[in-house]
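Visitor: Dropping in run.pdb, with PDB, C-alpha atoms and all ligand atoms.
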```pdb
ATOM      1  CA  MET A   5     -10.141 -19.235  20.121
ATOM      2  CA  ASP A   6      -6.541 -18.237  20.725
ATOM      3  CA  GLY A   7      -5.726 -17.069  17.208
ATOM      4  CA  THR A   8      -3.767 -20.174  16.229
ATOM      5  CA  VAL A   9      -4.311 -20.977  12.577
ATOM      6  CA  ASN A  10      -5.058 -24.691  12.247
ATOM      7  CA  GLU A  11      -6.949 -26.781   9.694
ATOM      8  CA  ASP A  12     -10.325 -26.366  11.429
ATOM      9  CA  ILE A  13      -9.953 -22.604  11.520
ATOM     10  CA  ILE A  14      -8.868 -22.489   7.885
ATOM     11  CA  ALA A  15     -11.933 -24.538   6.919
ATOM     12  CA  ALA A  16     -14.176 -22.219   8.943
ATOM     13  CA  MET A  17     -12.597 -19.147   7.343
ATOM     14  CA  VAL A  18     -13.048 -20.492   3.803
ATOM     15  CA  ARG A  19     -16.667 -21.353   4.656
ATOM     16  CA  MET A  20     -17.319 -17.840   5.941
ATOM     17  CA  ALA A  21     -15.576 -16.344   2.875
ATOM     18  CA  LYS A  22     -17.878 -18.380   0.614
ATOM     19  CA  GLU A  23     -20.960 -17.244   2.548
ATOM     20  CA  SER A  24     -19.858 -13.608   2.368
ATOM     21  CA  ARG A  25     -19.200 -14.010  -1.367
ATOM     22  CA  ARG A  26     -22.943 -14.427  -1.892
ATOM     23  CA  ASN A  27     -23.356 -10.751  -0.979
ATOM     24  CA  ALA A  28     -20.838  -9.568  -3.589
ATOM     25  CA  TYR A  29     -22.080  -6.579  -5.598
ATOM     26  CA  THR A  30     -20.485  -6.950  -9.035
ATOM     27  CA  PRO A  31     -22.498  -5.247 -11.827
ATOM     28  CA  GLN A  32     -19.262  -4.323 -13.652
ATOM     29  CA  THR A  33     -17.215  -7.545 -13.773
ATOM     30  CA  GLY A  34     -19.537 -10.252 -12.478
ATOM     31  CA  VAL A  35     -16.550 -11.664 -10.545
ATOM     32  CA  ALA A  36     -17.829 -12.322  -7.035
ATOM     33  CA  VAL A  37     -15.151 -12.585  -4.354
ATOM     34  CA  GLY A  38     -15.570 -13.415  -0.678
ATOM     35  CA  ALA A  39     -13.086 -13.090   2.159
ATOM     36  CA  CYS A  40     -12.741 -13.764   5.866
ATOM     37  CA  VAL A  41     -10.117 -12.370   8.207
ATOM     38  CA  MET A  42      -9.225 -13.590  11.682
ATOM     39  CA  ALA A  43      -8.093 -11.019  14.237
ATOM     40  CA  SER A  44      -5.396 -12.005  16.742
ATOM     41  CA  ASP A  45      -8.085 -12.492  19.407
ATOM     42  CA  GLY A  46      -9.778 -15.097  17.201
ATOM     43  CA  SER A  47     -12.661 -12.907  15.969
ATOM     44  CA  LEU A  48     -13.741 -13.634  12.402
ATOM     45  CA  TYR A  49     -15.000 -11.037   9.924
ATOM     46  CA  GLY A  50     -16.464 -11.780   6.512
ATOM     47  CA  GLY A  51     -16.695  -9.469   3.508
ATOM     48  CA  CYS A  52     -17.299  -9.337  -0.236
ATOM     49  CA  ASN A  53     -16.231  -7.159  -3.141
ATOM     50  CA  ILE A  54     -18.368  -4.095  -3.830
ATOM     51  CA  GLU A  55     -18.198  -2.547  -7.300
ATOM     52  CA  ASN A  56     -19.458   0.794  -8.526
ATOM     53  CA  MET A  57     -20.373   2.553 -11.794
ATOM     54  CA  SER A  58     -17.390   4.782 -10.971
ATOM     55  CA  PRO A  59     -14.584   2.170 -11.077
ATOM     56  CA  ALA A  60     -12.295   3.891  -8.579
ATOM     57  CA  LEU A  61     -14.957   3.407  -5.897
ATOM     58  CA  SER A  62     -14.905  -0.378  -6.202
ATOM     59  CA  CYS A  63     -13.478  -2.199  -3.202
ATOM     60  CA  CYS A  64     -11.947  -5.697  -3.008
ATOM     61  CA  ALA A  65     -13.437  -8.317  -0.703
ATOM     62  CA  GLU A  66     -10.171  -8.586   1.238
ATOM     63  CA  SER A  67     -10.119  -4.828   1.929
ATOM     64  CA  VAL A  68     -13.803  -4.714   2.905
ATOM     65  CA  THR A  69     -13.136  -7.581   5.297
ATOM     66  CA  MET A  70     -10.075  -5.936   6.812
ATOM     67  CA  TYR A  71     -11.956  -2.638   7.197
ATOM     68  CA  LYS A  72     -14.767  -4.405   9.042
ATOM     69  CA  GLY A  73     -12.292  -5.761  11.591
ATOM     70  CA  ILE A  74     -10.337  -2.511  11.849
ATOM     71  CA  SER A  75     -13.517  -0.473  12.329
ATOM     72  CA  ASP A  76     -14.475  -2.914  15.080
ATOM     73  CA  GLY A  77     -11.292  -1.885  16.909
ATOM     74  CA  LYS A  78      -8.979  -4.708  15.819
ATOM     75  CA  ARG A  79      -5.413  -3.772  14.881
ATOM     76  CA  ASP A  80      -3.661  -7.115  14.496
ATOM     77  CA  PHE A  81      -4.718 -10.070  12.373
ATOM     78  CA  ASP A  82      -3.424 -13.627  11.994
ATOM     79  CA  ALA A  83      -4.894 -14.862   8.728
ATOM     80  CA  LEU A  84      -7.072 -13.892   5.782
ATOM     81  CA  ALA A  85      -8.946 -16.280   3.493
ATOM     82  CA  VAL A  86     -10.229 -15.304   0.057
ATOM     83  CA  VAL A  87     -12.336 -17.269  -2.422
ATOM     84  CA  ALA A  88     -13.697 -16.785  -5.947
ATOM     85  CA  ASP A  89     -14.946 -18.947  -8.815
ATOM     86  CA  THR A  90     -11.545 -19.046 -10.504
ATOM     87  CA  GLU A  91      -9.572 -21.861 -12.140
ATOM     88  CA  GLU A  92      -6.769 -21.454  -9.621
ATOM     89  CA  PRO A  93      -7.069 -20.315  -5.987
ATOM     90  CA  PHE A  94      -7.780 -16.575  -6.001
ATOM     91  CA  VAL A  95      -4.724 -14.340  -5.433
ATOM     92  CA  PRO A  96      -5.243 -10.956  -3.688
ATOM     93  CA  CYS A  97      -4.189  -7.765  -5.487
ATOM     94  CA  GLY A  98      -1.112  -5.792  -4.422
ATOM     95  CA  ALA A  99      -3.127  -3.089  -2.660
ATOM     96  CA  CYS A 100      -4.877  -5.642  -0.452
ATOM     97  CA  LEU A 101      -1.543  -7.345   0.316
ATOM     98  CA  GLN A 102      -0.204  -3.978   1.476
ATOM     99  CA  LEU A 103      -3.281  -3.469   3.662
ATOM    100  CA  MET A 104      -2.709  -6.929   5.171
ATOM    101  CA  ALA A 105       0.972  -6.103   5.785
ATOM    102  CA  GLU A 106       0.026  -2.881   7.591
ATOM    103  CA  PHE A 107      -2.131  -4.836  10.047
ATOM    104  CA  GLY A 108       0.092  -7.867  10.608
ATOM    105  CA  VAL A 109      -1.676 -10.623   8.652
ATOM    106  CA  ASP A 110       0.714 -13.608   8.721
ATOM    107  CA  THR A 111      -1.101 -16.222   6.659
ATOM    108  CA  VAL A 112      -3.032 -15.912   3.401
ATOM    109  CA  VAL A 113      -5.461 -18.674   2.450
ATOM    110  CA  MET A 114      -6.324 -18.569  -1.262
ATOM    111  CA  ALA A 115      -9.196 -20.735  -2.460
ATOM    112  CA  ASN A 116     -11.635 -21.336  -5.295
ATOM    113  CA  LEU A 117     -15.076 -22.957  -5.509
ATOM    114  CA  ASN A 118     -13.573 -26.253  -6.743
ATOM    115  CA  GLY A 119     -12.105 -26.801  -3.307
ATOM    116  CA  ASP A 120      -8.524 -25.928  -4.268
ATOM    117  CA  VAL A 121      -6.752 -24.195  -1.394
ATOM    118  CA  LYS A 122      -3.305 -22.632  -1.372
ATOM    119  CA  ILE A 123      -1.840 -21.374   1.912
ATOM    120  CA  LYS A 124       1.144 -19.024   1.952
ATOM    121  CA  PRO A 125       2.809 -16.708   4.464
ATOM    122  CA  LEU A 126       2.118 -13.079   3.510
ATOM    123  CA  ALA A 127       5.891 -12.473   3.574
ATOM    124  CA  GLU A 128       6.262 -14.935   0.729
ATOM    125  CA  ILE A 129       3.668 -13.194  -1.469
ATOM    126  CA  ILE A 130       4.905  -9.660  -0.707
ATOM    127  CA  PRO A 131       8.478 -10.212   0.525
ATOM    128  CA  CYS A 132       9.510  -6.584   0.980
ATOM    129  CA  ALA A 133       6.482  -5.635   3.094
ATOM    130  CA  SER A 134       8.392  -6.080   6.358
ATOM    131  CA  ASP A 135      11.055  -3.671   5.072
ATOM    132  CA  MET A 136       8.443  -0.967   4.557
ATOM    133  CA  LEU A 137       9.055   0.186   8.129
ATOM    134  CA  ALA A 138      12.234   1.681   6.654
ATOM    135  CA  ASN A 139      10.007   3.995   4.612
ATOM    136  CA  ARG A 140       8.596   5.708   7.678
ATOM    137  CA  VAL A 141       9.375   9.411   7.403
ATOM    138  CA  VAL A 142      12.112  10.729   9.684
ATOM    139  CA  LYS A 143      10.744  12.877  12.491
ATOM    140  CA  ARG A 144      10.708  16.615  11.809
ATOM    141  CA  ASP A 145      12.980  17.207  14.814
ATOM    142  CA  ASP A 146      15.626  14.937  13.316
ATOM    143  CA  ASP A 147      15.363  16.751   9.958
ATOM    144  CA  GLU A 148      15.963  20.072  11.666
ATOM    145  CA  GLN A 149      18.952  18.680  13.553
ATOM    146  CA  LEU A 150      20.380  17.438  10.253
ATOM    147  CA  LEU A 151      19.909  20.798   8.524
ATOM    148  CA  MET A 152      21.328  22.636  11.539
ATOM    149  CA  SER A 153      24.447  20.483  11.494
ATOM    150  CA  LEU A 154      24.847  20.933   7.731
ATOM    151  CA  TYR A 155      24.562  24.710   7.802
ATOM    152  CA  ASP A 156      25.951  25.555  11.251
ATOM    153  CA  VAL A 157      22.714  27.006  12.548
ATOM    154  CA  GLY A 158      23.323  27.577  16.244
ATOM    155  CA  GLU A 159      21.111  26.286  19.033
ATOM    156  CA  ASP A 160      20.526  29.847  20.238
ATOM    157  CA  ASP A 161      18.986  30.981  16.965
ATOM    158  CA  ASP A 162      15.293  31.789  16.952
ATOM    159  CA  ASP A 163      13.442  28.459  17.152
ATOM    160  CA  ASP A 164      10.932  29.563  14.544
ATOM    161  CA  VAL A 165      13.624  30.272  11.930
ATOM    162  CA  LEU A 166      15.183  27.128  10.528
ATOM    163  CA  LEU A 167      17.861  28.902   8.463
ATOM    164  CA  ASP A 168      19.032  32.471   9.028
ATOM    165  CA  ASN A 169      19.844  34.673   6.009
ATOM    166  CA  GLU A 170      23.547  33.836   6.071
ATOM    167  CA  SER A 171      22.884  30.099   6.177
ATOM    168  CA  LEU A 172      20.244  30.434   3.491
ATOM    169  CA  ASP A 173      22.730  32.271   1.211
ATOM    170  CA  LYS A 174      25.257  29.505   1.824
ATOM    171  CA  ALA A 175      22.669  26.813   1.050
ATOM    172  CA  LEU A 176      21.681  28.611  -2.175
ATOM    173  CA  ALA A 177      25.353  29.014  -3.145
ATOM    174  CA  ASP A 178      25.869  25.279  -2.540
ATOM    175  CA  LEU A 179      22.928  24.533  -4.811
ATOM    176  CA  GLU A 180      24.329  26.843  -7.522
ATOM    177  CA  ASN A 181      27.718  25.155  -7.280
ATOM    178  CA  MET A 182      26.076  21.779  -7.682
ATOM    179  CA  GLY A 183      24.254  23.091 -10.765
ATOM    180  CA  GLY A 184      27.483  24.565 -12.146
ATOM    181  CA  LYS A 185      29.352  21.283 -11.754
ATOM    182  CA  LYS A 186      26.543  19.491 -13.495
ATOM    183  CA  GLU A 187      26.945  21.661 -16.629
ATOM    184  CA  GLU A 188      30.679  21.001 -16.940
TER     185      GLU A 188
HETATM  186 ZN    ZN B   1      -7.537  -6.193  -3.667
END
```
Kindly return the structure encoded in the file as structure tokens.
Guide:
Amino acid sequence: MDGTVNEDIIAAMVRMAKESRRNAYTPQTGVAVGACVMASDGSLYGGCNIENMSPALSCCAESVTMYKGISDGKRDFDALAVVADTEEPFVPCGACLQLMAEFGVDTVVMANLNGDVKIKPLAEIIPCASDMLANRVVKRDDDEQLLMSLYDVGEDDDDDVLLDNESLDKALADLENMGGKKEE
């Protein structure tokens, strides 16, 4: 398979999600969920939700499924299907959507046992996910450059010392001034 998501593949993914759902471990809620994810090379992985007496340890079917693929060395995925015995097609939780965004899932297939299927691009369900790249932390080197330019720390200063005493005094004075203005 070349990773193209067509009707046959969607049907196969929903089938695999339903089969995986049978293994759901749900002593707490009784809500069995099954999922299937397709990696960009066409590999399919199935998974189910796994609950625990300690609620924080419970894991969604979508996440279990993603983790199976990721732990098998996959890093890019085309589509994920999820199914449960719900009135409407099952919608993944926000945490699982974020996990899907991290690993490039494009298409989300939501289904129930009545045969209802809803297909949506991930970007439509979690529209700001693609902007999350903007949240990547600036490299430490850049931070130091910024601080150096703000407080005139010369290039020839000791590399291990970010701010010398004079610059530190100035930075503290700036902070005090800011505090003083705030009180006015
Ligand atoms: Zn989830």
Visitor: Please measure the separation of atom CA of Gln102 of chain A and atom CA of Ala133 of chain A, giving the value in Å to one decimal.
Guide: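 Calculated distance between atom CA of Gln102 of chain A and atom CA of Ala133 of chain A is 7.1 Å.
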Visitor: Let me see if you get this right: every residue at most 9 Å from ligand ZN 1 (chain B), counting all atoms listed in the file, written as a count of residues only.
Guide: 14
Visitor: Just to confirm, what's the straight-line distance from atom CA of Gly38 of chain A to atom CA of Ala21 of chain A in Å (one decimal)?
Guide: 4.6 Å
Visitor: Convert the output of the PyMOL selection byres (((chain A and resi 91) around 12) and not hetatm) on the shown file into explicit residues, formatted as a ChimeraX atom specification.
Guide: /A:87-90,92-95,114-121
Visitor: Here is a test: counting only C-alpha atoms, which residue of A:Thr111, A:Thr33, A:Val141, A:Ile130 is nearest to Pro59 of chain A?
Guide: A:Thr33
Visitor: Report, in Å to a single decimal, how far apart atom CA of Ser47 of chain A and atom CA of Ala28 of chain A are.
Guide: 21.5 Å
Visitor: Selected by the PyMOL selection byres (((chain A and resi 20) around 10) and not hetatm) in the shown coordinates: which residues, as a list in words?
Guide: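 So the PyMOL selection byres (((chain A and resi 20) around 10) and not hetatm), applied here, picks out Ile14, Ala15, Ala16, Met17, Val18, Arg19, Ala21, Lys22, Glu23, Ser24, Arg25, Gly38, Ala39, Cys40, Val41, Leu48, Tyr49, Gly50, Gly51, Ala85, Val86 and Val87 of chain A.
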